[in-house]
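Everything below belongs to input04.cif, which stores mmCIF, C-alpha atoms.
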data_my_file
loop_
_atom_site.label_atom_id
_atom_site.label_comp_id
_atom_site.auth_asym_id
_atom_site.auth_seq_id
_atom_site.Cartn_x
_atom_site.Cartn_y
_atom_site.Cartn_z
CA GLU A 1 0.28 17.83 28.51
CA GLN A 2 3.84 16.72 29.18
CA GLY A 3 5.68 19.14 31.46
CA GLY A 4 2.68 20.97 32.93
CA GLU A 5 2.14 24.71 32.58
CA MET A 6 4.66 26.55 30.43
CA HIS A 7 5.17 29.52 28.17
CA GLY A 8 5.52 29.32 24.40
CA HIS A 9 9.32 29.33 24.40
CA GLN A 10 9.42 26.41 26.86
CA LEU A 11 6.92 24.55 24.71
CA ARG A 12 9.05 25.22 21.64
CA GLN A 13 12.14 23.88 23.44
CA LEU A 14 10.18 20.78 24.48
CA ALA A 15 9.02 20.23 20.88
CA GLU A 16 12.59 20.58 19.62
CA ARG A 17 13.93 18.27 22.34
CA ASP A 18 11.26 15.65 21.60
CA HIS A 19 11.81 16.01 17.84
CA VAL A 20 8.08 16.37 17.11
CA GLN A 21 8.85 17.02 13.44
CA ILE A 22 10.03 13.40 13.02
CA GLY A 23 6.68 11.74 13.50
CA THR A 24 4.36 14.59 12.58
CA ASP A 25 3.73 17.32 10.07
CA ILE A 26 4.07 19.83 12.90
CA SER A 27 6.52 22.64 12.37
CA VAL A 28 8.15 23.90 15.56
CA GLY A 29 8.01 27.39 14.01
CA ALA A 30 4.20 27.24 13.77
CA LEU A 31 3.88 26.81 17.52
CA TYR A 32 2.83 30.34 18.48
CA GLY A 33 -0.02 30.42 15.97
CA ALA A 34 -1.11 27.00 17.24
CA LEU A 35 -1.18 28.32 20.81
CA LYS A 36 -3.61 31.06 19.78
CA ARG A 37 -5.85 28.54 18.00
CA LEU A 38 -5.79 26.15 20.96
CA ALA A 39 -6.74 28.99 23.31
CA ALA A 40 -9.56 30.10 21.00
CA GLU A 41 -10.89 26.52 21.06
CA ASP A 42 -10.68 26.41 24.90
CA LEU A 43 -8.15 23.57 24.78
CA ILE A 44 -5.57 25.63 26.70
CA HIS A 45 -5.92 28.71 28.86
CA GLU A 46 -3.65 31.45 30.07
CA VAL A 47 -2.71 30.68 33.67
CA ARG A 48 -0.66 33.82 34.30
CA THR A 49 1.87 36.19 32.81
CA GLU A 50 5.50 36.11 33.97
CA ARG A 51 8.58 38.21 33.46
CA MET A 52 11.98 36.77 34.30
CA GLY A 53 15.10 38.88 34.17
CA GLY A 54 15.35 41.05 31.08
CA TYR A 55 13.03 38.82 29.05
CA PRO A 56 9.70 40.14 27.83
CA GLU A 57 6.48 39.15 29.57
CA ARG A 58 5.44 35.64 28.71
CA GLN A 59 2.04 34.02 28.88
CA ILE A 60 2.01 30.77 30.82
CA TRP A 61 -0.41 28.25 29.35
CA GLY A 62 -2.13 25.27 30.92
CA ILE A 63 -4.29 22.57 29.40
CA THR A 64 -8.03 22.72 30.11
CA LYS A 65 -10.31 19.80 30.95
CA THR A 66 -11.63 20.04 27.38
CA GLY A 67 -8.03 20.00 26.14
CA ARG A 68 -7.20 16.86 28.15
CA GLU A 69 -10.27 15.12 26.76
CA ALA A 70 -9.41 16.20 23.22
CA LEU A 71 -5.81 15.03 23.64
CA ALA A 72 -6.94 11.63 24.94
CA GLY A 73 -9.29 11.34 21.96
CA LEU A 74 -6.51 12.24 19.51
CA ARG A 75 -4.19 9.63 21.03
CA HIS A 76 -6.92 7.00 20.85
CA ASP A 77 -7.78 7.87 17.24
CA ALA A 78 -4.13 7.91 16.20
CA LEU A 79 -3.58 4.43 17.62
CA ARG A 80 -6.66 3.03 15.85
CA GLU A 81 -6.65 4.89 12.55
CA ILE A 82 -4.77 3.64 9.51
CA VAL A 83 -3.56 6.53 7.37
CA LEU A 84 -2.52 5.96 3.79
CA ARG A 85 -1.54 9.16 2.05
CA ALA A 86 -1.86 9.50 -1.70
CA ASP A 87 1.47 9.68 -3.49
CA PRO A 88 1.49 11.79 -6.67
CA VAL A 89 3.75 9.20 -8.32
CA ASP A 90 0.77 6.82 -8.48
CA ILE A 91 -1.32 9.31 -10.45
CA ALA A 92 1.60 10.16 -12.71
CA LEU A 93 2.21 6.48 -13.50
CA SER A 94 -1.44 5.72 -14.15
CA CYS A 95 -1.72 8.65 -16.58
CA LEU A 96 1.46 8.17 -18.62
CA ASP A 97 1.32 9.22 -22.23
CA PRO A 98 2.69 6.23 -24.17
CA GLY A 99 4.45 8.59 -26.56
CA ASP A 100 6.36 10.20 -23.70
CA THR A 101 7.65 7.27 -21.64
CA ALA A 102 11.34 7.25 -22.59
CA SER A 103 12.33 9.38 -19.57
CA VAL A 104 10.25 7.44 -17.03
CA PRO A 105 12.90 4.84 -16.06
CA ALA A 106 15.47 7.58 -15.42
CA LEU A 107 12.93 9.55 -13.36
CA ILE A 108 12.13 6.47 -11.27
CA ALA A 109 15.86 5.85 -10.80
CA GLU A 110 16.20 9.47 -9.59
CA ARG A 111 13.33 8.89 -7.15
CA ILE A 112 15.09 5.79 -5.82
CA ALA A 113 18.31 7.77 -5.35
CA GLY A 114 16.36 10.50 -3.56
CA LEU A 115 14.63 7.99 -1.30
CA ARG A 116 17.97 6.33 -0.49
CA ALA A 117 19.48 9.73 0.37
CA THR A 118 16.48 10.52 2.58
CA LEU A 119 16.87 7.15 4.31
CA ALA A 120 20.59 7.73 4.89
CA GLU A 121 19.95 11.23 6.29
CA SER A 122 17.14 9.91 8.47
CA GLU A 123 19.25 7.05 9.82
CA ALA A 124 22.17 9.39 10.56
CA HIS A 125 19.84 11.83 12.34
CA HIS A 126 18.27 9.02 14.35
CA GLU A 127 21.70 7.77 15.35
CA ARG A 128 22.67 11.24 16.60
CA ILE A 129 19.53 11.69 18.68
CA ALA A 130 19.04 8.09 19.87
CA VAL A 131 20.62 8.77 23.27
CA HIS A 132 17.99 11.47 23.89
CA LEU A 133 15.00 9.30 23.00
CA THR A 134 12.86 7.08 25.19
CA PRO A 135 12.50 3.44 24.13
CA LEU A 136 9.05 4.21 22.68
CA GLU A 137 10.42 7.18 20.74
CA ARG A 138 13.17 4.97 19.31
CA VAL A 139 10.52 2.52 18.09
CA VAL A 140 8.60 5.39 16.47
CA VAL A 141 11.76 6.48 14.66
CA THR A 142 12.21 2.97 13.24
CA HIS A 143 8.68 3.17 11.78
CA ARG A 144 9.75 6.01 9.47
CA THR A 145 12.84 4.05 8.46
CA ALA A 146 10.75 0.96 7.70
CA LYS A 147 8.40 3.03 5.52
CA LEU A 148 11.31 4.48 3.57
CA ARG A 149 12.82 1.02 3.03
CA ALA A 150 9.46 -0.33 1.84
CA ASP A 151 9.08 2.61 -0.55
CA ILE A 152 12.58 2.01 -1.94
CA ALA A 153 11.81 -1.69 -2.47
CA TRP A 154 8.54 -0.86 -4.25
CA HIS A 155 10.29 1.61 -6.55
CA GLU A 156 13.07 -0.90 -7.30
CA ASP A 157 10.44 -3.51 -8.22
CA LEU A 158 8.69 -0.92 -10.39
CA LEU A 159 11.94 -0.04 -12.15
CA ALA A 160 12.55 -3.72 -12.94
CA LEU A 161 9.00 -4.15 -14.31
CA LEU A 162 8.88 -0.81 -16.10
CA PRO A 163 10.16 -1.87 -19.57
CA GLY A 164 7.42 -4.50 -19.87
CA LEU A 165 4.78 -2.22 -18.40
CA LEU A 166 5.63 0.62 -20.75
CA ALA A 167 5.67 -1.69 -23.76
CA ALA A 168 2.21 -2.99 -22.80
CA THR A 169 0.72 0.49 -22.32
CA PRO A 170 -1.85 1.01 -25.05
CA SER A 171 -1.93 4.26 -26.99
CA LYS A 172 -4.92 6.43 -26.26
CA ASP A 173 -6.88 7.62 -29.24
CA PRO A 174 -7.68 11.31 -28.61
CA ALA A 175 -10.96 10.82 -30.50
CA GLN A 176 -12.11 8.35 -27.81
CA ASP A 177 -11.69 10.84 -24.95
#

Please render this file's structure as structure tokens.
Amino acid sequence: EQGGEMHGHQLRQLAERDHVQIGTDISVGALYGALKRLAAEDLIHEVRTERMGGYPERQIWGITKTGREALAGLRHDALREIVLRADPVDIALSCLDPGDTASVPALIAERIAGLRATLAESEAHHERIAVHLTPLERVVVTHRTAKLRADIAWHEDLLALLPGLLAATPSKDPAQD
């Protein structure tokens, strides 16, 4: 709804400027397909077609009343809903084969290194874009950083406990399955 009526390229520029990929799973490249779906669901409508200079004709989109209501509902739900996504590492750890655990500490150490690298990249990116963000957007960015730090701490605790956990893992008798 931010910015009023606009064509797809303007919307793409807005998404890039606002760094929507930071707090969402939205790909800026998937925007044009999303516009078609939103129009099919009557959440946006074509206001007009424009041609400026040597550019091709562009459809100008506006949000519908249904779209405004849906957007308000999404905001409300997002602020109330707690989302915990499954992490495949949890399944892998709970299903370890006791005969094949020697590599697990090294794999967890690699995960920690990867998480630390992701945190460093994320912090560097946030530092570069901070001047372009609103105070609320800066707070949102710190949420991702806090999650990464918590994940690193959990993995470090796991790595410290792992020798004892692996030693206590009972062997499964294939005949009992």

Running the PyMOL selection byres ((chain A and resi 5) around 7) on this model by hand, what would come out? Give it as a PDB file with C-alpha atoms, in the coordinates of the input.
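See part.pdb below for the written result:
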ATOM      1  CA  GLY A   3       5.680  19.140  31.460  1.00  0.00           C
ATOM      2  CA  GLY A   4       2.680  20.970  32.930  1.00  0.00           C
ATOM      3  CA  MET A   6       4.660  26.550  30.430  1.00  0.00           C
ATOM      4  CA  ILE A  60       2.010  30.770  30.820  1.00  0.00           C
ATOM      5  CA  TRP A  61      -0.410  28.250  29.350  1.00  0.00           C
ATOM      6  CA  GLY A  62      -2.130  25.270  30.920  1.00  0.00           C
TER       7      GLY A  62
END

Expected selection from the PyMOL selection byres ((chain A and resi 148) around 10), given as a tab-separated table (two decimals) with C-alpha atoms, keeping the file's coordinate frame:
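out23.tsv, freshly written:
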chain	number	residue	atom	x	y	z
A	115	LEU	CA	14.63	7.99	-1.30
A	116	ARG	CA	17.97	6.33	-0.49
A	118	THR	CA	16.48	10.52	2.58
A	119	LEU	CA	16.87	7.15	4.31
A	120	ALA	CA	20.59	7.73	4.89
A	122	SER	CA	17.14	9.91	8.47
A	142	THR	CA	12.21	2.97	13.24
A	143	HIS	CA	8.68	3.17	11.78
A	144	ARG	CA	9.75	6.01	9.47
A	145	THR	CA	12.84	4.05	8.46
A	146	ALA	CA	10.75	0.96	7.70
A	147	LYS	CA	8.40	3.03	5.52
A	149	ARG	CA	12.82	1.02	3.03
A	150	ALA	CA	9.46	-0.33	1.84
A	151	ASP	CA	9.08	2.61	-0.55
A	152	ILE	CA	12.58	2.01	-1.94
A	153	ALA	CA	11.81	-1.69	-2.47
A	154	TRP	CA	8.54	-0.86	-4.25

Worksheet entry | Answer key for the PyMOL selection byres ((chain A and resi 45) around 9), residues as a PyMOL selection string | chain A and resi 38-40+42-44+46-47+60-64

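One distance worth recording is that between atom CA of A:Val131 and atom CA of A:Ala30, which is 26.5 Å.
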
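Note that atom CA of A:Gly114 and atom CA of A:Asp157 are 15.9 Å apart.
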
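If you look at atom CA of A:Val141 and atom CA of A:Ile112, they are 20.8 Å away from each other.
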
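Each of A:Gln10, A:Leu166, A:Thr49, A:Thr134 was compared to A:Pro98 using only C-alpha atoms, and A:Leu166 turns out to be the nearest.
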
Fill in: Selected residue, from A:Leu11, A:Pro135, A:Thr101, A:Gly53, that lies nearest to A:Gly164 when counting only C-alpha atoms
A:Thr101

Please define a box with edges along x, y and z of the file around all atoms of stretch 47-54 of chain A given in the file, extend it by 4 Å on each side, and return its centre and edge lengths in Å to one decimal, as AutoDock Vina command-line options.
--center_x 6.3 --center_y 35.9 --center_z 32.7 --size_x 26.1 --size_y 18.4 --size_z 11.2

Discussion item. When you look at A:Ala130 with a cut-off of 12 Å (counting all atoms listed in the file), what residues show up, excluding the ones that are within fewer than 4 positions of it in the same chain? I need them as a list in words.
Written reply: Arg17, Asp18, His19, Ser122, Glu123, Ala124, His125, His126, Thr134, Pro135, Leu136, Glu137, Arg138, Val139, Val140, Val141 and Thr142 of chain A

Worksheet item: Given the choices A:Ala117, A:Arg51, A:Arg111, A:Leu162, which gets closest to A:Val89 if the distance is worked out from only C-alpha atoms?
Response: A:Arg111
